[in-house]
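The structure under discussion appears below in the form of structure tokens.
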Amino acid sequence: MADIAIIGEVMLEFSPLTGKDFTLGVSGDTYNSACTLAGLEISTTYITSLGEGQSADIIRQHAYHRHVHLLEPQAVKNKSPGLYMISNDETGERFFDYWRNDSAAKALLNNENLLLPLLKQVEKHGYLYFSGITLALMNDSCRSMFQQFLLDYRLQGGKVIFDPNYRSKLWLNKAAAISATDEIQAYVDIYLPGFEEEECLFGSTSPDGAVKRLLTTGVDEVVIKNGPENCILINNDHVENVEVTPSTDVVDTTGAGDTFNGGYIGARLSGLNPIDAINFAAKAASKILMIKGGVLQSKQLSELKAS
Ligand code: ADP
């Protein structure tokens, strides 16, 4: 059975209930995909640091219940998980305030001595997944060590999966994000961008333009996501449109991309071809749009698999 390691940051999330009340959740782009993968019965190891205290333990318990194996460094003292708060204005538009600059995960991703032993553990796993958020949290020296690691890992047969997931607030400037995203493409086997990222980072003005650029990167397998529009698969230079049925029943857009990625990777690791994997991932993403929250339960995933 295939298994996967994922590197990233998971945070506590305050999201609004009615009035001035908030509810506490556990979320993060790669972590949401990790929960989806574990829900699909893929053995999933999530590499991060949570640090100390109650907030770290809340996340550890969440991962335990979701069957996600956490792999953390020995001790990151006086640090705790990052935190964010979602709020809505009167039009329903959502805003995010983050407290993550001093998080335990950032401390890990900025310390080569802490990170290297965990990367060594990745070698036991056949697949590695991370996102542009993971890259944005690393300092330059950790990022170049990480690239060297990816080179060795792929030489040993490991497969690397990446979603550029661009968050402008996490980068010094846009040029830094473009340069890091551009560089990492040389180390990637499966690339899962949104058209929005291609537009924003690489100036593509249409999905066809994005395809043209992506064909030059040499990545074997690319899936371009584009909200309710069709996905585009590039599979060893062969380009194919895969139909997405636009949802008429959107309750909450949180986690559509993360669920899609977890669904796609899970389906590929279970032996589905890329087109069937996109169809499964799009069904899972469309389901998450219909409910509040960013991750489907394993029962919902099993029902989707059976349908
Ligand atoms: P992200 O959340 O990363 O911005 P997208 O918005 O592109 O990602 O959505 C990821 C996937 O979720 C899409 O490829 C599609 O399968 C599904 N999806 C998103 N929005 C809709 C929608 N309105 N109707 C149906 N499917 C959707």
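Labeling convention for the structure tokens: chains A, B, ... as they appear, residues from 1 per chain, ligands from 1 in order of appearance.
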
task: Within 10 Å of His67 (chain A), counting only C-alpha atoms, which residues show up once you throw out same-chain ones fewer than 2 positions away? Write them as a PyMOL selection string, please.
output: chain A and resi 34-35+37-39+41-45+61-65+69-70

- prompt: What's the 12 Å shell around region 87-89 of chain A, counting only C-alpha atoms, without same-chain residues fewer than 2 positions away, as number ranges by chain?
  reply: A: 13-23, 84-85, 91-98

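Atom pair atom 16 (O, counted along the ligand's line) of ligand 1 / CA of Asp29 (chain A): separated by 15.9 Å.
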
field: For Leu150 (chain A), the nearest of the candidates A:Ala306, A:Ile224, A:Met11, A:Leu116, counting only C-alpha atoms
entry: A:Leu116

Spatial neighbours of Tyr153 (chain A), 10 Å, only C-alpha atoms, chain gap at least 3 places, as a PyMOL selection string: chain A and resi 119-120+122-128+147-150+156-160+187

query: Where in region 46-295 of chain A does DSSP assign strand (DSSP E or B), given as a PyMOL selection string?
result: chain A and resi 46-47+69-71+83-88+94-99+127-131+159-163+190-191+194+221-225+231-235+238-242

message: Can you pull out the residues contacting region 99-103 of chain A? Cut-off 9 Å, using only C-alpha atoms, and skip same-chain residues under 3 positions away; I want them as a list in words.
response: Glu9, Met11, Ser49, Leu50, Gly51, Lys79, Ser80, Pro81, Gly82, Leu83, Tyr84, Met85, Lys106, Ala107, Leu108, Leu137 and Leu170 of chain A

Print the selection's residues with N, CA and C atoms to a file, as a PDB file, in the first residue's frame.
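Saved the output as selection_25.pdb:
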```pdb
ATOM      1  N   GLU A   9       2.199  23.365   7.792  1.00  0.00           N
ATOM      2  CA  GLU A   9       1.773  23.968   9.061  1.00  0.00           C
ATOM      3  C   GLU A   9       0.279  23.743   9.268  1.00  0.00           C
ATOM      4  N   MET A  11      -2.859  24.855  11.939  1.00  0.00           N
ATOM      5  CA  MET A  11      -3.123  25.934  12.907  1.00  0.00           C
ATOM      6  C   MET A  11      -4.469  25.749  13.603  1.00  0.00           C
ATOM      7  N   SER A  49       5.751  21.083  13.344  1.00  0.00           N
ATOM      8  CA  SER A  49       6.059  21.233  14.762  1.00  0.00           C
ATOM      9  C   SER A  49       4.904  21.969  15.414  1.00  0.00           C
ATOM     10  N   LEU A  50       4.478  21.480  16.577  1.00  0.00           N
ATOM     11  CA  LEU A  50       3.358  22.110  17.275  1.00  0.00           C
ATOM     12  C   LEU A  50       3.809  22.800  18.549  1.00  0.00           C
ATOM     13  N   GLY A  51       5.009  22.452  19.036  1.00  0.00           N
ATOM     14  CA  GLY A  51       5.525  23.100  20.240  1.00  0.00           C
ATOM     15  C   GLY A  51       4.831  22.607  21.494  1.00  0.00           C
ATOM     16  N   LYS A  79       7.312  27.625  22.082  1.00  0.00           N
ATOM     17  CA  LYS A  79       6.584  27.897  20.832  1.00  0.00           C
ATOM     18  C   LYS A  79       5.252  27.174  20.902  1.00  0.00           C
ATOM     19  N   SER A  80       4.311  27.659  20.107  1.00  0.00           N
ATOM     20  CA  SER A  80       3.008  26.998  20.048  1.00  0.00           C
ATOM     21  C   SER A  80       2.486  27.076  18.617  1.00  0.00           C
ATOM     22  N   PRO A  81       1.342  26.444  18.323  1.00  0.00           N
ATOM     23  CA  PRO A  81       0.839  26.479  16.946  1.00  0.00           C
ATOM     24  C   PRO A  81       0.411  27.883  16.525  1.00  0.00           C
ATOM     25  N   GLY A  82       0.432  28.128  15.217  1.00  0.00           N
ATOM     26  CA  GLY A  82      -0.124  29.367  14.669  1.00  0.00           C
ATOM     27  C   GLY A  82      -1.639  29.376  14.843  1.00  0.00           C
ATOM     28  N   LEU A  83      -2.201  30.569  14.652  1.00  0.00           N
ATOM     29  CA  LEU A  83      -3.629  30.769  14.908  1.00  0.00           C
ATOM     30  C   LEU A  83      -4.177  31.711  13.846  1.00  0.00           C
ATOM     31  N   TYR A  84      -5.405  31.492  13.399  1.00  0.00           N
ATOM     32  CA  TYR A  84      -6.036  32.501  12.544  1.00  0.00           C
ATOM     33  C   TYR A  84      -7.510  32.624  12.841  1.00  0.00           C
ATOM     34  N   MET A  85      -8.036  33.796  12.479  1.00  0.00           N
ATOM     35  CA  MET A  85      -9.440  34.083  12.757  1.00  0.00           C
ATOM     36  C   MET A  85     -10.115  34.490  11.445  1.00  0.00           C
ATOM     37  N   LYS A 106       6.888  27.372  11.983  1.00  0.00           N
ATOM     38  CA  LYS A 106       7.830  28.280  11.323  1.00  0.00           C
ATOM     39  C   LYS A 106       9.236  28.090  11.912  1.00  0.00           C
ATOM     40  N   ALA A 107       9.302  27.886  13.223  1.00  0.00           N
ATOM     41  CA  ALA A 107      10.617  27.654  13.853  1.00  0.00           C
ATOM     42  C   ALA A 107      11.274  26.409  13.254  1.00  0.00           C
ATOM     43  N   LEU A 108      10.482  25.358  13.033  1.00  0.00           N
ATOM     44  CA  LEU A 108      11.034  24.135  12.424  1.00  0.00           C
ATOM     45  C   LEU A 108      11.535  24.406  11.010  1.00  0.00           C
ATOM     46  N   LEU A 137       7.163  29.457   4.301  1.00  0.00           N
ATOM     47  CA  LEU A 137       7.543  29.501   5.717  1.00  0.00           C
ATOM     48  C   LEU A 137       9.030  29.210   5.920  1.00  0.00           C
ATOM     49  N   LEU A 170       2.558  35.836   3.068  1.00  0.00           N
ATOM     50  CA  LEU A 170       3.648  35.024   3.629  1.00  0.00           C
ATOM     51  C   LEU A 170       4.990  35.292   2.956  1.00  0.00           C
TER      52      LEU A 170
END
```

- request: Set the cut-off to 6 Å, count only C-alpha atoms and all ligand atoms, and list whatever residues fall near ligand 1 as an MDAnalysis selection string.
  value: chainID A and resid 194 225:228 231 244:247 255:257 260 282 285:286

Those residues you just picked out, can you put them in a file as a PDB file, in the first residue's frame with N, CA, C and O atoms?
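Okay, this is what ended up in again39.pdb:
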```pdb
ATOM      1  N   GLY A 194      -3.678  26.108  -9.207  1.00  0.00           N
ATOM      2  CA  GLY A 194      -4.952  26.688  -9.622  1.00  0.00           C
ATOM      3  C   GLY A 194      -4.656  27.629 -10.784  1.00  0.00           C
ATOM      4  O   GLY A 194      -3.544  28.174 -10.866  1.00  0.00           O
ATOM      5  N   LYS A 225      -6.497  23.448 -11.717  1.00  0.00           N
ATOM      6  CA  LYS A 225      -7.854  23.592 -11.162  1.00  0.00           C
ATOM      7  C   LYS A 225      -8.344  25.001 -11.473  1.00  0.00           C
ATOM      8  O   LYS A 225      -7.547  25.936 -11.485  1.00  0.00           O
ATOM      9  N   ASN A 226      -9.633  25.133 -11.674  1.00  0.00           N
ATOM     10  CA  ASN A 226     -10.138  26.469 -12.027  1.00  0.00           C
ATOM     11  C   ASN A 226     -11.558  26.641 -11.505  1.00  0.00           C
ATOM     12  O   ASN A 226     -12.486  26.896 -12.281  1.00  0.00           O
ATOM     13  N   GLY A 227     -11.742  26.501 -10.183  1.00  0.00           N
ATOM     14  CA  GLY A 227     -13.071  26.667  -9.572  1.00  0.00           C
ATOM     15  C   GLY A 227     -14.104  25.803 -10.287  1.00  0.00           C
ATOM     16  O   GLY A 227     -13.879  24.612 -10.524  1.00  0.00           O
ATOM     17  N   PRO A 228     -15.241  26.417 -10.691  1.00  0.00           N
ATOM     18  CA  PRO A 228     -16.301  25.619 -11.344  1.00  0.00           C
ATOM     19  C   PRO A 228     -16.002  25.298 -12.810  1.00  0.00           C
ATOM     20  O   PRO A 228     -16.742  24.552 -13.443  1.00  0.00           O
ATOM     21  N   CYS A 231     -11.250  21.185 -15.337  1.00  0.00           N
ATOM     22  CA  CYS A 231      -9.826  21.007 -15.002  1.00  0.00           C
ATOM     23  C   CYS A 231      -9.082  20.687 -16.300  1.00  0.00           C
ATOM     24  O   CYS A 231      -9.663  20.147 -17.245  1.00  0.00           O
ATOM     25  N   VAL A 244     -15.927  19.569 -15.202  1.00  0.00           N
ATOM     26  CA  VAL A 244     -16.346  19.753 -13.802  1.00  0.00           C
ATOM     27  C   VAL A 244     -17.794  20.239 -13.858  1.00  0.00           C
ATOM     28  O   VAL A 244     -18.122  21.113 -14.664  1.00  0.00           O
ATOM     29  N   THR A 245     -18.648  19.647 -13.034  1.00  0.00           N
ATOM     30  CA  THR A 245     -20.035  20.129 -12.998  1.00  0.00           C
ATOM     31  C   THR A 245     -20.132  21.252 -11.974  1.00  0.00           C
ATOM     32  O   THR A 245     -19.902  21.014 -10.782  1.00  0.00           O
ATOM     33  N   PRO A 246     -20.444  22.487 -12.421  1.00  0.00           N
ATOM     34  CA  PRO A 246     -20.506  23.595 -11.453  1.00  0.00           C
ATOM     35  C   PRO A 246     -21.566  23.321 -10.386  1.00  0.00           C
ATOM     36  O   PRO A 246     -22.645  22.840 -10.708  1.00  0.00           O
ATOM     37  N   SER A 247     -21.219  23.597  -9.139  1.00  0.00           N
ATOM     38  CA  SER A 247     -22.160  23.344  -8.058  1.00  0.00           C
ATOM     39  C   SER A 247     -23.157  24.491  -7.971  1.00  0.00           C
ATOM     40  O   SER A 247     -22.790  25.663  -8.066  1.00  0.00           O
ATOM     41  N   GLY A 255     -11.656  24.998   1.661  1.00  0.00           N
ATOM     42  CA  GLY A 255     -11.120  23.642   1.527  1.00  0.00           C
ATOM     43  C   GLY A 255     -11.390  22.951   0.201  1.00  0.00           C
ATOM     44  O   GLY A 255     -11.052  21.777   0.056  1.00  0.00           O
ATOM     45  N   ALA A 256     -11.973  23.653  -0.787  1.00  0.00           N
ATOM     46  CA  ALA A 256     -12.249  22.967  -2.068  1.00  0.00           C
ATOM     47  C   ALA A 256     -10.940  22.490  -2.695  1.00  0.00           C
ATOM     48  O   ALA A 256     -10.813  21.323  -3.088  1.00  0.00           O
ATOM     49  N   GLY A 257      -9.960  23.398  -2.760  1.00  0.00           N
ATOM     50  CA  GLY A 257      -8.674  23.029  -3.364  1.00  0.00           C
ATOM     51  C   GLY A 257      -7.955  21.954  -2.551  1.00  0.00           C
ATOM     52  O   GLY A 257      -7.379  21.019  -3.117  1.00  0.00           O
ATOM     53  N   PHE A 260      -9.749  18.697  -3.079  1.00  0.00           N
ATOM     54  CA  PHE A 260      -9.436  18.214  -4.427  1.00  0.00           C
ATOM     55  C   PHE A 260      -8.062  17.536  -4.412  1.00  0.00           C
ATOM     56  O   PHE A 260      -7.906  16.410  -4.903  1.00  0.00           O
ATOM     57  N   ALA A 282     -12.891  15.948  -8.087  1.00  0.00           N
ATOM     58  CA  ALA A 282     -13.885  17.010  -8.335  1.00  0.00           C
ATOM     59  C   ALA A 282     -15.188  16.698  -7.588  1.00  0.00           C
ATOM     60  O   ALA A 282     -15.835  17.617  -7.063  1.00  0.00           O
ATOM     61  N   ALA A 285     -14.467  17.603  -3.985  1.00  0.00           N
ATOM     62  CA  ALA A 285     -14.403  19.061  -3.796  1.00  0.00           C
ATOM     63  C   ALA A 285     -15.799  19.661  -3.866  1.00  0.00           C
ATOM     64  O   ALA A 285     -16.143  20.567  -3.100  1.00  0.00           O
ATOM     65  N   SER A 286     -16.613  19.136  -4.774  1.00  0.00           N
ATOM     66  CA  SER A 286     -17.957  19.686  -4.914  1.00  0.00           C
ATOM     67  C   SER A 286     -18.789  19.384  -3.659  1.00  0.00           C
ATOM     68  O   SER A 286     -19.601  20.195  -3.221  1.00  0.00           O
TER      69      SER A 286
END
```

Please identify all polymer residues within 12 Å of Thr134 (chain A), counting only C-alpha atoms, omitting same-chain residues fewer than 6 positions from it, and present them as a compact mmCIF listing (two decimals) with all heavy atoms, in the first residue's frame.
```
# COMPACT_ATOMS: atom_id res chain seq x y z
N ILE A 6 3.81 14.37 4.32
CA ILE A 6 3.38 15.73 3.95
C ILE A 6 4.08 16.69 4.90
O ILE A 6 4.17 16.40 6.11
CB ILE A 6 1.84 15.87 4.08
CG1 ILE A 6 1.16 14.87 3.14
CG2 ILE A 6 1.38 17.29 3.80
CD1 ILE A 6 -0.35 14.86 3.19
N ILE A 7 4.59 17.80 4.38
CA ILE A 7 5.25 18.78 5.27
C ILE A 7 4.47 20.09 5.22
O ILE A 7 4.15 20.59 4.13
CB ILE A 7 6.70 19.08 4.82
CG1 ILE A 7 7.50 17.79 4.71
CG2 ILE A 7 7.38 20.05 5.78
CD1 ILE A 7 8.95 18.00 4.34
N GLY A 8 4.18 20.64 6.39
CA GLY A 8 3.45 21.91 6.37
C GLY A 8 3.12 22.42 7.77
O GLY A 8 3.66 21.96 8.77
N GLU A 9 2.20 23.36 7.79
CA GLU A 9 1.77 23.97 9.06
C GLU A 9 0.28 23.74 9.27
O GLU A 9 -0.52 23.96 8.36
CB GLU A 9 2.04 25.49 9.06
CG GLU A 9 1.53 26.15 10.34
CD GLU A 9 2.01 27.59 10.53
OE1 GLU A 9 2.12 28.31 9.54
OE2 GLU A 9 2.26 27.96 11.70
N VAL A 10 -0.07 23.30 10.47
CA VAL A 10 -1.48 23.19 10.85
C VAL A 10 -1.73 24.17 11.99
O VAL A 10 -0.89 24.33 12.88
CB VAL A 10 -1.86 21.73 11.21
CG1 VAL A 10 -0.86 21.09 12.16
CG2 VAL A 10 -3.27 21.64 11.80
N GLY A 28 -5.41 23.89 7.97
CA GLY A 28 -4.17 24.27 7.28
C GLY A 28 -4.22 23.59 5.93
O GLY A 28 -4.74 22.48 5.84
N ASP A 29 -3.71 24.23 4.87
CA ASP A 29 -3.93 23.68 3.53
C ASP A 29 -3.47 22.22 3.39
O ASP A 29 -4.25 21.33 3.06
CB ASP A 29 -3.30 24.57 2.46
CG ASP A 29 -1.77 24.59 2.49
OD1 ASP A 29 -1.19 24.39 3.57
OD2 ASP A 29 -1.16 24.81 1.41
N THR A 30 -2.20 21.96 3.69
CA THR A 30 -1.66 20.61 3.52
C THR A 30 -2.26 19.65 4.56
O THR A 30 -2.41 18.46 4.30
CB THR A 30 -0.13 20.62 3.64
OG1 THR A 30 0.22 21.39 4.80
CG2 THR A 30 0.52 21.22 2.40
N TYR A 31 -2.58 20.19 5.74
CA TYR A 31 -3.17 19.33 6.78
C TYR A 31 -4.57 18.87 6.36
O TYR A 31 -4.95 17.72 6.60
CB TYR A 31 -3.22 20.07 8.12
CG TYR A 31 -3.80 19.23 9.23
CD1 TYR A 31 -3.06 18.20 9.81
CD2 TYR A 31 -5.10 19.44 9.70
CE1 TYR A 31 -3.59 17.40 10.82
CE2 TYR A 31 -5.64 18.65 10.70
CZ TYR A 31 -4.89 17.64 11.26
OH TYR A 31 -5.42 16.85 12.26
N ILE A 47 4.38 16.03 8.74
CA ILE A 47 5.58 16.54 9.39
C ILE A 47 5.41 18.02 9.69
O ILE A 47 5.18 18.83 8.78
CB ILE A 47 6.81 16.31 8.47
CG1 ILE A 47 6.98 14.81 8.25
CG2 ILE A 47 8.05 16.95 9.07
CD1 ILE A 47 8.09 14.46 7.27
N THR A 48 5.49 18.36 10.95
CA THR A 48 5.31 19.74 11.38
C THR A 48 5.90 19.89 12.76
O THR A 48 6.49 18.95 13.31
CB THR A 48 3.81 20.12 11.36
OG1 THR A 48 3.70 21.55 11.46
CG2 THR A 48 3.03 19.47 12.51
N ALA A 105 5.78 25.69 13.90
CA ALA A 105 6.04 25.17 12.55
C ALA A 105 7.04 26.06 11.82
O ALA A 105 7.95 25.58 11.14
CB ALA A 105 4.74 25.08 11.76
N LYS A 106 6.89 27.37 11.98
CA LYS A 106 7.83 28.28 11.32
C LYS A 106 9.24 28.09 11.91
O LYS A 106 10.23 28.11 11.18
CB LYS A 106 7.36 29.74 11.46
CG LYS A 106 8.25 30.68 10.71
CD LYS A 106 7.57 31.93 10.23
CE LYS A 106 8.58 32.75 9.44
NZ LYS A 106 8.06 34.04 9.05
N LEU A 108 10.48 25.36 13.03
CA LEU A 108 11.03 24.13 12.42
C LEU A 108 11.54 24.41 11.01
O LEU A 108 12.64 23.99 10.63
CB LEU A 108 9.94 23.05 12.38
CG LEU A 108 10.23 21.83 11.50
CD1 LEU A 108 11.41 21.03 12.06
CD2 LEU A 108 8.99 20.96 11.36
N LEU A 109 10.72 25.12 10.23
CA LEU A 109 11.05 25.32 8.81
C LEU A 109 12.12 26.39 8.60
O LEU A 109 12.48 26.71 7.47
CB LEU A 109 9.77 25.64 8.03
CG LEU A 109 8.75 24.49 8.01
CD1 LEU A 109 7.41 24.94 7.46
CD2 LEU A 109 9.27 23.27 7.25
N ASN A 110 12.61 26.95 9.72
CA ASN A 110 13.71 27.91 9.63
C ASN A 110 14.96 27.41 10.34
O ASN A 110 15.87 28.18 10.62
CB ASN A 110 13.29 29.25 10.26
CG ASN A 110 12.41 30.04 9.31
OD1 ASN A 110 12.90 30.82 8.50
ND2 ASN A 110 11.12 29.81 9.37
N CYS A 142 17.07 26.89 4.53
CA CYS A 142 16.26 25.65 4.62
C CYS A 142 15.70 25.29 3.25
O CYS A 142 15.62 24.11 2.91
CB CYS A 142 15.11 25.83 5.61
SG CYS A 142 15.66 25.61 7.31
N ARG A 143 15.34 26.32 2.47
CA ARG A 143 14.77 26.03 1.15
C ARG A 143 15.82 25.38 0.25
O ARG A 143 15.54 24.45 -0.48
CB ARG A 143 14.20 27.30 0.52
CG ARG A 143 12.97 27.01 -0.30
CD ARG A 143 12.33 28.27 -0.86
NE ARG A 143 11.80 29.13 0.15
CZ ARG A 143 11.99 30.44 0.21
NH1 ARG A 143 12.72 31.06 -0.69
NH2 ARG A 143 11.46 31.15 1.18
N PHE A 146 16.32 21.87 1.37
CA PHE A 146 15.13 21.09 0.98
C PHE A 146 15.24 20.67 -0.49
O PHE A 146 14.96 19.54 -0.85
CB PHE A 146 13.89 21.94 1.23
CG PHE A 146 12.59 21.24 1.00
CD1 PHE A 146 12.30 20.04 1.64
CD2 PHE A 146 11.61 21.79 0.16
CE1 PHE A 146 11.09 19.39 1.44
CE2 PHE A 146 10.40 21.15 -0.04
CZ PHE A 146 10.15 19.95 0.59
N PHE A 162 3.26 18.77 -5.54
CA PHE A 162 3.33 20.17 -5.08
C PHE A 162 2.13 20.96 -5.58
O PHE A 162 1.73 20.86 -6.73
CB PHE A 162 4.63 20.78 -5.62
CG PHE A 162 4.80 22.25 -5.35
CD1 PHE A 162 4.94 22.72 -4.05
CD2 PHE A 162 4.84 23.17 -6.39
CE1 PHE A 162 5.10 24.09 -3.79
CE2 PHE A 162 5.00 24.53 -6.15
CZ PHE A 162 5.14 24.99 -4.85
N ASP A 163 1.57 21.78 -4.67
CA ASP A 163 0.55 22.77 -5.04
C ASP A 163 1.13 24.14 -4.71
O ASP A 163 1.49 24.39 -3.55
CB ASP A 163 -0.73 22.53 -4.21
CG ASP A 163 -1.80 23.59 -4.49
OD1 ASP A 163 -1.47 24.68 -4.99
OD2 ASP A 163 -2.98 23.33 -4.19
N PRO A 164 1.24 25.06 -5.68
CA PRO A 164 1.90 26.35 -5.39
C PRO A 164 1.15 27.23 -4.38
O PRO A 164 1.75 28.17 -3.83
CB PRO A 164 1.97 27.04 -6.76
CG PRO A 164 1.00 26.34 -7.63
CD PRO A 164 0.87 24.93 -7.10
N ASN A 165 -0.11 27.00 -4.15
CA ASN A 165 -0.92 27.71 -3.16
C ASN A 165 -0.33 29.05 -2.69
O ASN A 165 0.22 29.15 -1.60
CB ASN A 165 -1.16 26.78 -1.96
CG ASN A 165 -2.57 26.92 -1.45
OD1 ASN A 165 -3.33 27.75 -1.95
ND2 ASN A 165 -2.92 26.13 -0.46
N TYR A 166 -0.50 30.06 -3.48
CA TYR A 166 0.15 31.37 -3.23
C TYR A 166 -0.62 32.20 -2.19
O TYR A 166 -1.81 32.46 -2.36
CB TYR A 166 0.23 32.13 -4.56
CG TYR A 166 0.74 33.54 -4.44
CD1 TYR A 166 1.97 33.82 -3.86
CD2 TYR A 166 0.00 34.62 -4.95
CE1 TYR A 166 2.45 35.12 -3.76
CE2 TYR A 166 0.48 35.92 -4.87
CZ TYR A 166 1.70 36.16 -4.26
OH TYR A 166 2.18 37.45 -4.17
N ARG A 167 0.07 32.60 -1.13
CA ARG A 167 -0.50 33.51 -0.14
C ARG A 167 0.46 34.70 -0.02
O ARG A 167 1.54 34.58 0.57
CB ARG A 167 -0.61 32.83 1.24
CG ARG A 167 -1.59 31.68 1.31
CD ARG A 167 -3.03 32.16 1.29
NE ARG A 167 -3.96 31.04 1.39
CZ ARG A 167 -4.36 30.27 0.39
NH1 ARG A 167 -3.91 30.49 -0.83
NH2 ARG A 167 -5.23 29.30 0.58
N LEU A 170 2.56 35.84 3.07
CA LEU A 170 3.65 35.02 3.63
C LEU A 170 4.99 35.29 2.96
O LEU A 170 6.02 34.81 3.43
CB LEU A 170 3.31 33.54 3.49
CG LEU A 170 2.12 33.04 4.30
CD1 LEU A 170 1.90 31.56 4.07
CD2 LEU A 170 2.33 33.30 5.78
N TRP A 171 4.98 36.01 1.84
CA TRP A 171 6.22 36.24 1.11
C TRP A 171 6.69 37.67 1.30
O TRP A 171 5.87 38.58 1.46
CB TRP A 171 5.99 35.97 -0.39
CG TRP A 171 5.71 34.54 -0.71
CD1 TRP A 171 4.48 33.96 -0.85
CD2 TRP A 171 6.67 33.49 -0.91
NE1 TRP A 171 4.60 32.63 -1.14
CE2 TRP A 171 5.94 32.31 -1.19
CE3 TRP A 171 8.06 33.43 -0.90
CZ2 TRP A 171 6.56 31.09 -1.45
CZ3 TRP A 171 8.67 32.21 -1.17
CH2 TRP A 171 7.93 31.06 -1.43
N ALA A 177 8.11 34.94 -4.32
CA ALA A 177 7.19 33.80 -4.53
C ALA A 177 7.37 33.23 -5.93
O ALA A 177 7.40 32.00 -6.11
CB ALA A 177 5.75 34.25 -4.33
N ALA A 180 10.74 31.25 -6.08
CA ALA A 180 10.72 29.96 -5.36
C ALA A 180 9.82 28.95 -6.07
O ALA A 180 10.15 27.77 -6.18
CB ALA A 180 10.24 30.17 -3.93
N THR A 181 8.68 29.41 -6.59
CA THR A 181 7.74 28.50 -7.27
C THR A 181 8.36 28.00 -8.57
O THR A 181 8.27 26.81 -8.90
CB THR A 181 6.40 29.22 -7.54
OG1 THR A 181 5.97 29.84 -6.34
CG2 THR A 181 5.33 28.26 -8.02
N ILE A 184 11.16 25.38 -7.85
CA ILE A 184 10.77 24.08 -7.29
C ILE A 184 10.20 23.15 -8.37
O ILE A 184 10.22 21.93 -8.23
CB ILE A 184 9.78 24.26 -6.11
CG1 ILE A 184 9.92 23.13 -5.10
CG2 ILE A 184 8.35 24.38 -6.55
CD1 ILE A 184 11.12 23.22 -4.22
```
